[in-house]
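The file protein18.cif contains mmCIF, C-alpha atoms and all ligand atoms:
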data_target
#
loop_
_atom_site.label_atom_id
_atom_site.label_comp_id
_atom_site.auth_asym_id
_atom_site.auth_seq_id
_atom_site.Cartn_x
_atom_site.Cartn_y
_atom_site.Cartn_z
CA MET T 1 -17.83 -22.47 11.87
CA PRO T 2 -14.28 -21.69 13.06
CA LYS T 3 -13.91 -19.57 16.15
CA VAL T 4 -13.59 -15.84 15.56
CA MET T 5 -10.20 -14.51 16.60
CA ASN T 6 -9.70 -11.08 18.12
CA ILE T 7 -6.89 -9.04 16.67
CA THR T 8 -5.84 -5.45 16.10
CA LEU T 9 -4.64 -3.88 12.87
CA THR T 10 -3.39 -0.34 12.44
CA ILE T 11 -4.33 0.76 8.95
CA ASN T 12 -3.16 4.12 7.65
CA GLY T 13 -2.65 5.33 11.20
CA ARG T 14 -5.97 4.15 12.60
CA THR T 15 -6.11 1.16 14.93
CA HIS T 16 -8.99 -1.30 14.54
CA ALA T 17 -9.98 -4.04 16.97
CA LEU T 18 -11.45 -6.84 14.88
CA GLY T 19 -12.98 -10.26 15.19
CA VAL T 20 -11.88 -12.34 12.20
CA GLN T 21 -12.17 -15.89 11.00
CA PRO T 22 -8.86 -17.79 11.15
CA ASN T 23 -8.99 -18.29 7.38
CA ALA T 24 -9.74 -14.66 6.51
CA VAL T 25 -7.33 -13.22 3.97
CA LEU T 26 -5.82 -9.79 4.62
CA LEU T 27 -6.79 -8.51 1.16
CA HIS T 28 -10.48 -9.15 1.87
CA THR T 29 -10.29 -7.81 5.40
CA LEU T 30 -8.79 -4.56 4.16
CA ARG T 31 -11.40 -4.20 1.46
CA ASP T 32 -14.18 -5.05 3.94
CA LEU T 33 -12.87 -2.19 6.07
CA GLY T 34 -13.21 0.18 3.12
CA CYS T 35 -9.68 0.07 1.75
CA THR T 36 -10.83 -0.39 -1.82
CA ASP T 37 -7.58 1.12 -3.04
CA VAL T 38 -6.14 -2.33 -2.27
CA LYS T 39 -7.04 -4.07 -5.52
CA ASN T 40 -8.13 -7.65 -5.98
CA GLY T 41 -6.38 -8.86 -9.11
CA CYS T 42 -5.31 -12.50 -9.14
CA GLU T 43 -5.53 -13.62 -5.47
CA ILE T 44 -2.54 -15.91 -6.04
CA GLY T 45 0.35 -13.53 -5.42
CA GLU T 46 1.22 -12.86 -9.04
CA CYS T 47 -0.03 -9.38 -9.98
CA GLY T 48 0.92 -7.09 -7.09
CA ALA T 49 -2.36 -5.16 -7.29
CA CYS T 50 -3.04 -5.93 -3.62
CA ALA T 51 0.34 -4.74 -2.34
CA VAL T 52 0.49 -2.89 0.98
CA LEU T 53 3.26 -2.03 3.40
CA LEU T 54 3.18 -4.34 6.41
CA ASN T 55 5.46 -2.93 9.11
CA GLY T 56 7.21 -1.03 6.32
CA LYS T 57 7.74 -4.02 4.04
CA PRO T 58 5.81 -4.53 0.79
CA ILE T 59 3.67 -7.65 0.75
CA ASN T 60 0.87 -9.03 -1.38
CA SER T 61 -2.09 -8.92 0.96
CA CYS T 62 -3.79 -11.79 -0.88
CA MET T 63 -1.05 -14.08 0.39
CA VAL T 64 -1.34 -13.21 4.09
CA LEU T 65 -3.93 -14.43 6.56
CA THR T 66 -5.41 -11.57 8.52
CA VAL T 67 -4.49 -13.19 11.82
CA GLN T 68 -0.84 -13.23 10.72
CA ALA T 69 -0.97 -9.43 10.65
CA ASP T 70 -2.21 -9.13 14.23
CA GLY T 71 -0.66 -6.03 15.77
CA ALA T 72 0.85 -4.87 12.49
CA ASP T 73 1.07 -1.39 11.05
CA ILE T 74 -0.35 -1.41 7.53
CA VAL T 75 -0.10 1.37 4.97
CA THR T 76 -2.06 1.33 1.74
CA ASN T 77 -1.81 3.65 -1.23
CA ALA T 78 -4.56 5.83 0.25
CA GLY T 79 -2.54 6.12 3.44
CA LEU T 80 0.31 7.75 1.53
CA GLY T 81 -1.75 10.53 0.04
CA THR T 82 -5.13 11.62 -1.22
CA MET T 83 -6.52 13.34 -4.32
CA ASP T 84 -6.31 16.65 -2.46
CA LYS T 85 -2.94 15.98 -0.96
CA PRO T 86 -1.11 13.42 -3.08
CA HIS T 87 2.20 11.88 -2.11
CA VAL T 88 5.19 12.84 -4.26
CA ILE T 89 5.17 9.35 -5.77
CA GLN T 90 1.47 9.50 -6.63
CA GLU T 91 1.93 12.90 -8.24
CA ALA T 92 4.92 11.65 -10.24
CA PHE T 93 2.89 8.71 -11.56
CA ALA T 94 0.23 11.12 -12.80
CA ASP T 95 2.74 13.56 -14.28
CA ALA T 96 4.70 10.83 -16.06
CA GLY T 97 1.56 9.41 -17.68
CA ALA T 98 2.05 6.14 -15.80
CA ILE T 99 -1.66 5.77 -15.02
CA GLN T 100 -4.06 4.50 -17.64
CA CYS T 101 -6.85 2.33 -16.24
CA GLY T 102 -5.21 2.78 -12.83
CA PHE T 103 -5.89 -0.72 -11.55
CA CYS T 104 -2.22 -1.52 -10.98
CA THR T 105 -1.32 1.95 -9.70
CA PRO T 106 -1.89 1.50 -5.93
CA GLY T 107 0.35 -1.56 -5.90
CA MET T 108 2.93 0.15 -8.10
CA VAL T 109 2.99 3.15 -5.76
CA ILE T 110 3.46 0.90 -2.73
CA SER T 111 6.32 -0.98 -4.38
CA THR T 112 7.90 2.32 -5.41
CA LYS T 113 7.62 3.66 -1.87
CA ALA T 114 9.29 0.54 -0.51
CA LEU T 115 12.06 0.77 -3.10
CA LEU T 116 12.81 4.46 -2.54
CA ASP T 117 12.71 4.00 1.23
CA ARG T 118 15.65 1.62 0.99
CA ASN T 119 17.32 2.98 -2.16
CA PRO T 120 16.64 6.67 -2.89
CA ASP T 121 18.53 6.64 -6.21
CA PRO T 122 17.85 3.33 -7.93
CA THR T 123 19.16 2.35 -11.36
CA GLU T 124 16.71 1.32 -14.06
CA ALA T 125 17.66 -2.31 -13.44
CA GLU T 126 16.93 -1.89 -9.74
CA ILE T 127 13.57 -0.27 -10.52
CA ARG T 128 12.63 -3.10 -12.86
CA GLU T 129 13.65 -5.65 -10.24
CA ALA T 130 11.67 -3.88 -7.49
CA LEU T 131 8.55 -3.72 -9.66
CA SER T 132 8.92 -7.20 -11.11
CA GLY T 133 6.04 -8.43 -8.96
CA ASN T 134 3.66 -5.73 -10.19
CA LEU T 135 1.89 -6.35 -13.47
CA CYS T 136 0.40 -3.67 -15.72
CA ARG T 137 -1.73 -4.55 -18.70
CA CYS T 138 -1.93 -1.01 -20.08
CA THR T 139 1.24 1.05 -20.07
CA GLY T 140 4.03 -1.17 -21.33
CA TYR T 141 5.99 -0.13 -18.22
CA GLY T 142 8.01 2.66 -19.87
CA GLN T 143 6.04 5.44 -18.19
CA ILE T 144 6.06 3.55 -14.90
CA ILE T 145 9.86 3.35 -14.91
CA ALA T 146 9.90 7.07 -15.74
CA ALA T 147 7.50 7.76 -12.86
CA VAL T 148 9.77 6.00 -10.39
CA ARG T 149 12.76 7.98 -11.65
CA LEU T 150 10.75 11.20 -11.39
CA SER T 151 9.68 10.27 -7.86
CA ALA T 152 13.29 9.68 -6.86
CA GLU T 153 14.41 12.99 -8.36
CA ARG T 154 11.65 14.98 -6.71
CA LEU T 155 12.21 13.38 -3.33
CA GLN T 156 15.92 14.07 -3.58
CA ASN T 157 15.28 17.65 -4.66
CA LEU T 158 13.12 18.16 -1.62
CA SER T 159 16.23 17.16 0.37
CA VAL T 160 13.93 15.85 3.05
CA TYR T 161 13.75 12.21 2.08
CA GLY T 162 14.09 10.15 5.25
CA ALA T 163 12.94 13.10 7.33
CA SER T 164 9.74 12.83 5.27
CA SER T 165 8.42 14.99 2.50
CA LEU T 166 5.98 17.77 3.22
CA ARG T 167 3.17 15.49 2.18
CA GLU T 168 4.39 12.72 4.42
CA GLU T 169 4.36 15.20 7.26
CA GLY T 170 0.63 15.45 6.61
CA ARG T 171 0.39 11.69 6.96
CA GLU T 172 2.32 11.80 10.20
CA HIS T 173 -0.26 14.20 11.49
CA ASP T 174 -2.94 11.70 10.54
CA SER T 175 -1.00 8.89 12.17
CA SER T 176 -0.89 10.70 15.48
CA ASN T 177 -4.63 10.68 15.46
CA ARG T 178 -4.96 7.00 16.28
CA VAL T 179 -8.19 5.64 17.59
CA LEU T 180 -8.58 2.20 19.16
CA GLU T 181 -12.10 1.13 18.42
CA SER T 182 -12.17 -1.57 21.10
CA GLY T 183 -15.60 -0.55 22.26
CA ASP T 184 -16.88 -0.93 18.75
CA GLN T 185 -15.38 -4.21 17.71
CA THR T 186 -15.90 -5.06 14.10
CA GLU T 187 -16.26 -8.57 12.71
CA VAL T 188 -14.90 -8.88 9.20
CA GLY T 189 -13.32 -11.26 6.74
CA GLY T 190 -15.07 -14.58 6.89
CA ALA T 191 -14.12 -17.36 4.52
CA SER T 192 -13.15 -15.55 1.35
S1 LIG T 201 -4.34 -9.90 -6.00
FE1 LIG T 201 -2.62 -10.26 -4.72
S2 LIG T 201 -0.94 -10.54 -6.05
FE2 LIG T 201 -2.67 -10.36 -7.38
S1 LIG T 202 -2.61 1.25 -15.81
FE1 LIG T 202 -4.02 -0.36 -16.29
S2 LIG T 202 -3.17 -2.13 -15.40
FE2 LIG T 202 -1.63 -0.61 -15.18
#
Could you render the structure as structure tokens?
Amino acid sequence: MPKVMNITLTINGRTHALGVQPNAVLLHTLRDLGCTDVKNGCEIGECGACAVLLNGKPINSCMVLTVQADGADIVTNAGLGTMDKPHVIQEAFADAGAIQCGFCTPGMVISTKALLDRNPDPTEAEIREALSGNLCRCTGYGQIIAAVRLSAERLQNLSVYGASSLREEGREHDSSNRVLESGDQTEVGGAS
């Protein structure tokens, strides 16, 4: 049995002290911690369903060992917004009819967030390129492209992109509420 390694991960603004196996995969660790919005699709880096932001960059969490993320700030779809208080992007996906079964949606939202963070007014070609690692078996992608455009328009109309939308201000509030659970160390993510 490999030695458990002690690490910390900050997930959606909450810091966790964890003991993990060296071969634990970040996707499984996140799901073990209750982040079931991070979907397990292919586990080989091809579908994008497991995408999260790792220090602001989109990654497929099935392709990262948990220990590689030691000290990282991770944001999942649920960290952007909730049913009661959705992020602009999440709302745009719903309004554009870009959600059918919804399995791909968390990863699509994460990739859209990463795209619009670096390029607030992308062309269709740029949207397609940014989402090329996210597969959807339901929508045919037309509504998803429309949802990204709608997200960009709404964020621009708010004129607060970069300084954060009103909903992101809510997330910032959550983020300030960090808790280091070092006295309650959790062991997760064995061989998976
Ligand atoms: S589950 Fe990670 S890319 Fe498919
Ligand atoms: S909405 Fe079903 S996989 Fe995309």
> Given the choices T:Ala146, T:Ala152, T:Leu9, T:Leu33, which gets closest to T:Arg118 if the distance is worked out from only C-alpha atoms?
Replying inline: T:Ala152
Kindly assemble as a tab-separated table a list of the chain T residues that lie within 12 Å of ligand LIG 201 (chain T), each paired with its nearest atom pair and their distance in Å to one decimal, using all atoms listed in the file, sorted first by chain and then by ascending residue number.
residue	atom	partner	partner_atom	distance
T:Val25	CA	T:LIG201	FE1	10.3
T:Leu26	CA	T:LIG201	FE1	9.9
T:Leu27	CA	T:LIG201	FE1	7.4
T:His28	CA	T:LIG201	S1	10.0
T:Arg31	CA	T:LIG201	S1	11.7
T:Asp37	CA	T:LIG201	S1	11.9
T:Val38	CA	T:LIG201	S1	8.6
T:Lys39	CA	T:LIG201	S1	6.4
T:Asn40	CA	T:LIG201	S1	4.4
T:Gly41	CA	T:LIG201	S1	3.9
T:Cys42	CA	T:LIG201	FE2	3.8
T:Glu43	CA	T:LIG201	S1	3.9
T:Ile44	CA	T:LIG201	S2	5.6
T:Gly45	CA	T:LIG201	S2	3.3
T:Glu46	CA	T:LIG201	S2	4.4
T:Cys47	CA	T:LIG201	FE2	3.8
T:Gly48	CA	T:LIG201	S2	4.1
T:Ala49	CA	T:LIG201	FE2	5.2
T:Cys50	CA	T:LIG201	FE1	4.5
T:Ala51	CA	T:LIG201	FE1	6.7
T:Val52	CA	T:LIG201	FE1	9.8
T:Pro58	CA	T:LIG201	S2	11.3
T:Ile59	CA	T:LIG201	S2	8.7
T:Asn60	CA	T:LIG201	FE1	5.0
T:Ser61	CA	T:LIG201	FE1	5.9
T:Cys62	CA	T:LIG201	FE1	4.3
T:Met63	CA	T:LIG201	FE1	6.6
T:Val64	CA	T:LIG201	FE1	9.4
T:Phe103	CA	T:LIG201	S1	10.8
T:Cys104	CA	T:LIG201	FE2	9.6
T:Pro106	CA	T:LIG201	S1	11.7
T:Gly107	CA	T:LIG201	S2	9.1
T:Met108	CA	T:LIG201	S2	11.6
T:Ser132	CA	T:LIG201	S2	11.6
T:Gly133	CA	T:LIG201	S2	7.9
T:Asn134	CA	T:LIG201	S2	7.8
T:Leu135	CA	T:LIG201	FE2	8.6
T:Cys136	CA	T:LIG201	FE2	11.1
>> How would you report the residues lying within 6 Å of ligand LIG 202 (chain T), as JSON, numbers by chain, if you count only C-alpha atoms and all ligand atoms?
In response: {"T": [99, 100, 101, 102, 103, 104, 136, 137, 138, 139]}
>> Let me make sure I understand: among T:Met5, T:Ala92, T:Leu53, T:Ala17, which one has the smallest atom-to-atom distance to T:Leu115 if we use all atoms listed in the file?
In response: T:Leu53
> Around (2.3, 11.2, -3.3) in the file's frame, which residues reach within 10 Å when counting all atoms listed in the file? Return as number ranges by chain?
Replying inline: T: 77-83, 85-94, 109, 113, 151, 165-168
